[in-house]
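> Dropping in entry31.tsv, with TSV, C-alpha atoms and all ligand atoms.
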```
chain	number	residue	atom	x	y	z
A	807	MET	CA	75.11	-41.14	2.18
A	808	THR	CA	78.28	-39.52	3.49
A	809	GLN	CA	81.41	-41.70	3.20
A	810	PHE	CA	83.41	-41.83	6.42
A	811	SER	CA	87.00	-43.08	6.46
A	812	ARG	CA	87.95	-45.37	9.32
A	813	PRO	CA	90.86	-44.02	11.43
A	814	ALA	CA	93.41	-46.53	12.80
A	815	ALA	CA	92.42	-47.84	16.26
A	816	PRO	CA	94.27	-45.99	19.02
A	817	ALA	CA	97.30	-47.60	20.66
A	818	ARG	CA	97.05	-48.46	24.31
A	819	ARG	CA	99.44	-47.98	27.19
A	820	GLY	CA	100.10	-51.19	29.15
A	821	LEU	CA	98.87	-51.33	32.73
A	822	MET	CA	100.40	-52.83	35.87
A	823	PHE	CA	97.89	-55.26	37.37
A	824	VAL	CA	98.78	-56.07	40.97
A	825	MET	CA	97.15	-58.95	42.79
A	826	SER	CA	97.89	-59.24	46.50
A	827	SER	CA	96.42	-61.57	49.08
A	828	PRO	CA	97.41	-63.54	52.14
A	829	SER	CA	98.95	-66.84	51.08
A	830	GLY	CA	96.29	-69.52	50.70
A	831	ALA	CA	93.62	-67.17	49.31
A	832	GLY	CA	93.94	-68.83	45.91
A	833	LYS	CA	95.92	-66.11	44.17
A	834	THR	CA	98.41	-68.40	42.44
A	835	THR	CA	95.64	-70.44	40.81
A	836	LEU	CA	93.85	-67.26	39.73
A	837	SER	CA	96.97	-65.71	38.25
A	838	ARG	CA	97.82	-68.92	36.34
A	839	ARG	CA	94.31	-69.04	34.89
A	840	LEU	CA	94.40	-65.36	34.02
A	841	MET	CA	97.69	-65.85	32.18
A	842	ALA	CA	96.35	-68.89	30.34
A	843	GLU	CA	93.13	-67.19	29.22
A	844	ASP	CA	94.35	-63.69	28.33
A	845	ASP	CA	97.25	-63.33	25.94
A	846	GLY	CA	97.56	-59.54	26.44
A	847	ILE	CA	99.07	-59.89	29.89
A	848	THR	CA	102.53	-61.06	30.95
A	849	LEU	CA	103.50	-62.29	34.41
A	850	SER	CA	106.29	-60.40	36.16
A	851	VAL	CA	108.62	-63.12	37.45
A	852	SER	CA	110.12	-62.02	40.76
A	853	ALA	CA	113.57	-62.70	42.11
A	854	THR	CA	113.66	-64.35	45.53
A	855	THR	CA	116.14	-65.70	48.05
A	856	ARG	CA	113.61	-68.33	49.18
A	857	PRO	CA	114.47	-71.91	48.16
A	858	PRO	CA	112.27	-73.44	45.43
A	859	ARG	CA	109.24	-75.50	46.51
A	860	PRO	CA	108.71	-78.88	44.86
A	861	GLY	CA	107.52	-78.34	41.30
A	862	GLU	CA	108.68	-74.73	41.07
A	863	VAL	CA	110.84	-73.88	38.06
A	864	ASP	CA	113.60	-71.27	38.01
A	865	GLY	CA	112.72	-68.50	35.56
A	866	ARG	CA	109.03	-69.48	35.43
A	867	ASP	CA	107.85	-69.23	39.05
A	868	TYR	CA	110.72	-67.14	40.37
A	869	TYR	CA	114.35	-66.36	39.69
A	870	PHE	CA	115.92	-68.15	42.64
A	871	VAL	CA	118.98	-66.17	43.70
A	872	SER	CA	121.42	-66.05	46.63
A	873	PRO	CA	121.24	-63.21	49.19
A	874	GLU	CA	124.42	-61.81	47.62
A	875	GLN	CA	122.92	-61.85	44.12
A	876	PHE	CA	119.78	-60.17	45.47
A	877	GLN	CA	121.84	-57.42	47.08
A	878	GLN	CA	123.67	-56.91	43.78
A	879	LEU	CA	120.34	-56.51	41.93
A	880	ILE	CA	119.45	-53.72	44.37
A	881	ALA	CA	122.89	-52.10	44.03
A	882	ASP	CA	122.57	-52.16	40.23
A	883	ASP	CA	119.11	-50.52	40.42
A	884	GLN	CA	117.61	-53.54	38.68
A	885	LEU	CA	114.60	-53.93	40.99
A	886	LEU	CA	111.43	-51.85	40.75
A	887	GLU	CA	110.50	-52.75	44.33
A	888	TRP	CA	111.54	-55.29	46.93
A	889	ALA	CA	110.49	-56.55	50.34
A	890	THR	CA	111.25	-59.15	52.98
A	891	VAL	CA	108.47	-61.72	53.47
A	892	PHE	CA	108.77	-64.63	55.96
A	893	GLY	CA	112.48	-63.83	56.30
A	894	ASN	CA	113.15	-64.16	52.56
A	895	ARG	CA	113.69	-61.36	50.10
A	896	TYR	CA	111.49	-60.83	47.04
A	897	GLY	CA	111.80	-58.22	44.31
A	898	THR	CA	110.49	-57.26	40.87
A	899	PRO	CA	113.08	-57.08	38.06
A	900	ARG	CA	112.72	-53.71	36.32
A	901	GLY	CA	113.77	-54.54	32.72
A	902	PRO	CA	111.03	-56.98	31.64
A	903	VAL	CA	108.31	-54.77	33.12
A	904	GLU	CA	109.46	-51.65	31.31
A	905	ALA	CA	109.85	-53.55	28.03
A	906	ALA	CA	106.33	-55.03	28.28
A	907	LEU	CA	104.68	-51.70	29.15
A	908	GLN	CA	106.43	-49.92	26.30
A	909	ALA	CA	105.18	-52.61	23.91
A	910	GLY	CA	101.62	-51.95	25.11
A	911	ARG	CA	101.37	-55.20	27.03
A	912	ASP	CA	99.90	-55.45	30.52
A	913	VAL	CA	101.92	-56.91	33.37
A	914	LEU	CA	100.59	-59.03	36.21
A	915	PHE	CA	102.33	-58.72	39.59
A	916	ASP	CA	101.91	-61.24	42.38
A	917	ILE	CA	103.46	-59.09	45.11
A	918	ASP	CA	102.63	-58.21	48.71
A	919	TRP	CA	101.36	-54.93	50.22
A	920	GLN	CA	104.89	-53.64	50.81
A	921	GLY	CA	105.77	-53.92	47.11
A	922	THR	CA	102.41	-52.45	46.10
A	923	GLN	CA	103.04	-49.42	48.33
A	924	GLN	CA	106.46	-48.93	46.74
A	925	LEU	CA	105.05	-49.07	43.20
A	926	GLN	CA	102.39	-46.58	44.26
A	927	GLN	CA	105.15	-44.17	45.28
A	928	THR	CA	106.89	-44.27	41.88
A	929	ASP	CA	106.16	-42.60	38.53
A	930	ALA	CA	104.40	-45.83	37.61
A	931	ALA	CA	101.51	-45.08	39.99
A	932	SER	CA	99.18	-44.01	37.18
A	933	ASP	CA	99.71	-47.36	35.42
A	934	LEU	CA	98.77	-49.34	38.55
A	935	VAL	CA	95.58	-51.30	39.12
A	936	ARG	CA	95.61	-52.81	42.61
A	937	VAL	CA	93.46	-55.83	43.38
A	938	PHE	CA	93.27	-57.48	46.80
A	939	ILE	CA	91.94	-61.01	47.14
A	940	LEU	CA	90.38	-62.01	50.45
A	941	PRO	CA	89.68	-65.59	51.50
A	942	PRO	CA	86.03	-66.26	52.50
A	943	ASP	CA	87.20	-66.62	56.13
A	944	LEU	CA	90.34	-67.42	58.11
A	945	ALA	CA	89.36	-71.04	58.83
A	946	GLU	CA	89.18	-71.65	55.08
A	947	LEU	CA	92.56	-69.99	54.66
A	948	GLU	CA	94.14	-72.29	57.25
A	949	ARG	CA	92.50	-75.33	55.65
A	950	ARG	CA	93.95	-74.36	52.26
A	951	LEU	CA	97.42	-73.85	53.73
A	952	HIS	CA	97.30	-77.35	55.28
A	953	GLY	CA	95.89	-78.80	52.06
A	954	ARG	CA	98.83	-77.50	50.09
A	955	GLY	CA	100.99	-79.97	52.01
A	956	THR	CA	104.21	-78.14	51.22
A	957	ASP	CA	104.73	-76.24	54.48
A	958	SER	CA	105.46	-77.41	58.04
A	959	PRO	CA	102.99	-76.57	60.90
A	960	ASP	CA	105.38	-73.87	62.13
A	961	VAL	CA	105.50	-72.29	58.71
A	962	ILE	CA	101.70	-72.48	58.48
A	963	SER	CA	101.21	-70.74	61.82
A	964	GLY	CA	103.67	-68.03	60.72
A	965	ARG	CA	101.69	-67.65	57.49
A	966	MET	CA	98.41	-67.34	59.45
A	967	SER	CA	99.76	-64.51	61.56
A	968	ARG	CA	101.17	-62.83	58.50
A	969	ALA	CA	97.81	-63.30	56.77
A	970	ARG	CA	96.17	-61.06	59.39
A	971	ASP	CA	98.85	-58.45	58.78
A	972	GLU	CA	98.45	-58.66	54.99
A	973	ILE	CA	94.64	-58.44	55.24
A	974	SER	CA	94.91	-55.27	57.35
A	975	HIS	CA	96.19	-53.49	54.19
A	976	TRP	CA	93.03	-54.08	52.15
A	977	GLY	CA	92.25	-50.34	52.26
A	978	GLU	CA	95.29	-49.57	50.07
A	979	TYR	CA	93.81	-51.39	47.04
A	980	ASP	CA	91.45	-50.28	44.27
A	981	TYR	CA	89.40	-53.49	44.09
A	982	ILE	CA	88.62	-56.09	46.76
A	983	LEU	CA	87.48	-59.58	45.76
A	984	VAL	CA	86.37	-62.43	48.03
A	985	ASN	CA	87.54	-65.73	46.58
A	986	ASP	CA	84.92	-68.23	47.68
A	987	ASP	CA	84.48	-69.45	44.13
A	988	ALA	CA	87.46	-69.37	41.76
A	989	ASP	CA	85.35	-69.16	38.56
A	990	ALA	CA	83.34	-66.20	39.85
A	991	CYS	CA	86.48	-64.52	41.12
A	992	LEU	CA	88.17	-64.96	37.75
A	993	ASP	CA	85.14	-63.42	36.00
A	994	GLU	CA	85.47	-60.42	38.29
A	995	ILE	CA	89.18	-60.14	37.50
A	996	PHE	CA	88.40	-60.13	33.76
A	997	ALA	CA	85.74	-57.47	34.30
A	998	ILE	CA	88.23	-55.22	36.11
A	999	LEU	CA	90.89	-55.78	33.45
A	1000	LYS	CA	88.44	-55.05	30.65
A	1001	ALA	CA	87.22	-51.80	32.20
A	1002	GLU	CA	90.71	-50.64	33.17
A	1003	ARG	CA	91.98	-51.23	29.63
A	1004	LEU	CA	89.31	-48.84	28.37
A	1005	ARG	CA	90.29	-45.95	30.62
A	1006	ARG	CA	90.82	-42.78	28.66
A	1007	LYS	CA	94.31	-42.21	30.08
A	1008	ARG	CA	95.53	-45.57	28.73
A	1009	GLN	CA	94.33	-44.97	25.17
A	1010	LEU	CA	97.32	-43.13	23.82
A	1011	GLY	CA	96.20	-42.13	20.36
A	1012	LEU	CA	92.68	-41.15	21.36
A	1013	ALA	CA	92.93	-37.45	20.55
A	1014	SER	CA	94.26	-38.06	17.03
A	1015	PHE	CA	91.79	-40.93	16.53
A	1016	VAL	CA	88.85	-38.63	17.29
A	1017	ARG	CA	90.38	-35.79	15.28
A	1018	ALA	CA	90.74	-38.09	12.27
A	1019	MET	CA	87.17	-39.33	12.76
A	1020	LEU	CA	85.85	-35.78	12.77
A	1021	GLY	CA	88.03	-34.89	9.80
A	1022	ASP	CA	89.75	-32.04	11.69
B	1	LIG	P1	105.59	-67.29	48.26
B	1	LIG	O1	106.86	-67.54	48.99
B	1	LIG	O2	104.41	-67.96	48.90
B	1	LIG	O3	105.70	-67.59	46.78
B	1	LIG	O4	105.30	-65.73	48.33
B	1	LIG	C1	105.20	-65.09	49.57
B	1	LIG	C2	104.70	-63.69	49.39
B	1	LIG	O5	105.67	-62.90	48.71
B	1	LIG	C3	103.41	-63.56	48.59
B	1	LIG	O6	102.53	-62.70	49.31
B	1	LIG	C4	103.85	-62.89	47.31
B	1	LIG	O7	102.82	-62.08	46.78
B	1	LIG	C5	105.01	-62.06	47.78
B	1	LIG	N1	105.93	-61.74	46.69
B	1	LIG	C6	106.34	-62.55	45.66
B	1	LIG	N2	107.15	-61.89	44.84
B	1	LIG	C7	107.27	-60.63	45.31
B	1	LIG	C8	107.98	-59.46	44.87
B	1	LIG	O8	108.66	-59.44	43.85
B	1	LIG	N3	107.85	-58.36	45.63
B	1	LIG	C9	107.09	-58.32	46.76
B	1	LIG	N4	107.01	-57.16	47.42
B	1	LIG	N5	106.41	-59.39	47.21
B	1	LIG	C10	106.49	-60.54	46.49
```
Represent the structure from my file as structure tokens, please.

Amino acid sequence: MTQFSRPAAPARRGLMFVMSSPSGAGKTTLSRRLMAEDDGITLSVSATTRPPRPGEVDGRDYYFVSPEQFQQLIADDQLLEWATVFGNRYGTPRGPVEAALQAGRDVLFDIDWQGTQQLQQTDAASDLVRVFILPPDLAELERRLHGRGTDSPDVISGRMSRARDEISHWGEYDYILVNDDADACLDEIFAILKAERLRRKRQLGLASFVRAMLGD
């Protein structure tokens, strides 16, 4: 029988996995579970001018910064994208994302449609995988926002009207999931991630891998 040598497995380019949804669609829970169950993906921690909610930790949930500090990050070209949401500013620090991608790690972004559009307009567009998470219906969304107990009725009604706006951007995403069951939704997220990791364009050493396999 012919002896075949085994070529080294090809290296992979990291991907940028964006999850957007109206608030209350369960995205935070899904992204926490994804991070806990997959050690190949790193969460991009955003900078924001919004004050911390109870239980939120600086550097883990967000980098909580002043409006002046945020403006300085923009001036220093340290943000990949940024947007104003509910009157507060949010942005993605560039450095950690570039370091993770270069190391072949995937990065998870919990950003809104404005940020997703900006990433789509950069050189990074080919690394992007855009997932939009819909709630099963708007009544359920409102119930979840009340259940969270962290926001005032005024804030909740603002979030409901912004939810309609956010949902209207579903057509700008590659995958649309309806989160009526978190376990099923998470399975779908893993399926997307698994397939996207196998895309030919992300497998950097594929040509030399196949050449070595064929002995060329
Ligand atoms: P929250 O204040 O509820 O944590 O987030 C409000 C909204 O801001 C969410 O839709 C979230 O996805 C979005 N967001 C959080 N960080 C960023 C960011 O860095 N960039 C953009 N464009 N949106 C963000």
> Taking 5 positions as the minimum chain separation for residues in the same chain, which residues sit within 9 Å of Gln1009 of chain A when counting only C-alpha atoms? Answer as number ranges by chain.
A: 816-819, 1003-1004
> Hey, which residues sit close to ligand LIG 1 (chain B)? Say within 6 Å, counting only C-alpha atoms and all ligand atoms, and write them as JSON, numbers by chain.
{"A": [826, 828, 829, 852, 888, 889, 891, 896, 897, 898, 916, 917, 918, 920, 921]}
> Write out as a list in words the residues lying within 7 Å of Pro857 of chain A, counting all atoms listed in the file and excluding same-chain residues fewer than 2 positions away.
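Near neighbours after the sequence-gap exclusion: Thr855, Arg859 and Phe870 of chain A.
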> Ranking A:Phe823, A:Phe1015, A:Tyr868, A:Phe938 by minimum distance to Leu914 of chain A and counting only C-alpha atoms, which one comes first?
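Of all the options, A:Phe823 lies closest to Leu914 of chain A.
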> Could you check how far atom CA of Arg949 of chain A sits from atom CA of Arg968 of chain A, in Å to one decimal?
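Calculated distance between atom CA of Arg949 of chain A and atom CA of Arg968 of chain A is 15.5 Å.
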> Counting only C-alpha atoms, which residues have an atom no more than 10 Å from (90.5, -59.6, 37.2) in the file's coordinates? Please list them as a VMD selection string.
chain A and resid 823 to 825 836 to 837 840 935 937 981 983 991 to 1002
> Take atom CA of Thr922 of chain A and atom CA of Asp957 of chain A and report the distance between them in Å, one decimal.
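Answer for the atom CA of Thr922 of chain A to atom CA of Asp957 of chain A separation: 25.3 Å.
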> Find the residues near Val903 of chain A: any atom within 10 Å, counting all atoms listed in the file, skip ones fewer than 5 places away on the same chain, and give them as a short mmCIF file (atom, residue, chain, number, x, y, z; two decimals) with C-alpha atoms, in the coordinates of the input.

```
data_model
loop_
_atom_site.label_atom_id
_atom_site.label_comp_id
_atom_site.auth_asym_id
_atom_site.auth_seq_id
_atom_site.Cartn_x
_atom_site.Cartn_y
_atom_site.Cartn_z
CA GLY A 820 100.10 -51.19 29.15
CA MET A 822 100.40 -52.83 35.87
CA THR A 848 102.53 -61.06 30.95
CA LEU A 849 103.50 -62.29 34.41
CA SER A 850 106.29 -60.40 36.16
CA VAL A 851 108.62 -63.12 37.45
CA LEU A 886 111.43 -51.85 40.75
CA THR A 898 110.49 -57.26 40.87
CA GLN A 908 106.43 -49.92 26.30
CA ALA A 909 105.18 -52.61 23.91
CA ARG A 911 101.37 -55.20 27.03
CA ASP A 912 99.90 -55.45 30.52
CA VAL A 913 101.92 -56.91 33.37
CA LEU A 914 100.59 -59.03 36.21
CA PHE A 915 102.33 -58.72 39.59
#
```
> Could you tell me how far atom CA of Arg936 of chain A lies from atom CA of Ser967 of chain A, in Å and to one decimal?
22.7 Å
> Ranking A:Glu948, A:Gly910, A:Gln884, A:Lys833 by minimum distance to Ala853 of chain A and counting only C-alpha atoms, which one comes first?
A:Gln884
> Name the closest residue to Trp976 of chain A among the candidates A:Ser827, A:Gln924, A:Ser958, A:Arg1005; distances are taken between atoms, counting all atoms listed in the file.
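Once distances to Trp976 of chain A are computed over all atoms listed in the file, the minimum belongs to A:Ser827.
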> So which one's closest to Met966 of chain A, A:Asp987, A:Asp933, A:Asp943, A:Asp980? Using all atoms listed in the file, please.
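Answer, going by the shortest atom-to-atom distance: A:Asp943.
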> May I ask which of the residues A:Gly832, A:Glu862, A:Leu947, A:His975 is the closest one to Ser963 of chain A, counting only C-alpha atoms?
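Among the listed residues, the smallest separation from Ser963 of chain A belongs to A:Leu947.
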> Nearest residue to Trp919 of chain A out of A:Val871, A:Leu885, A:Ile973, A:Leu1010, using only C-alpha atoms?
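Of the candidates, the smallest distance to Trp919 of chain A is held by A:Ile973.
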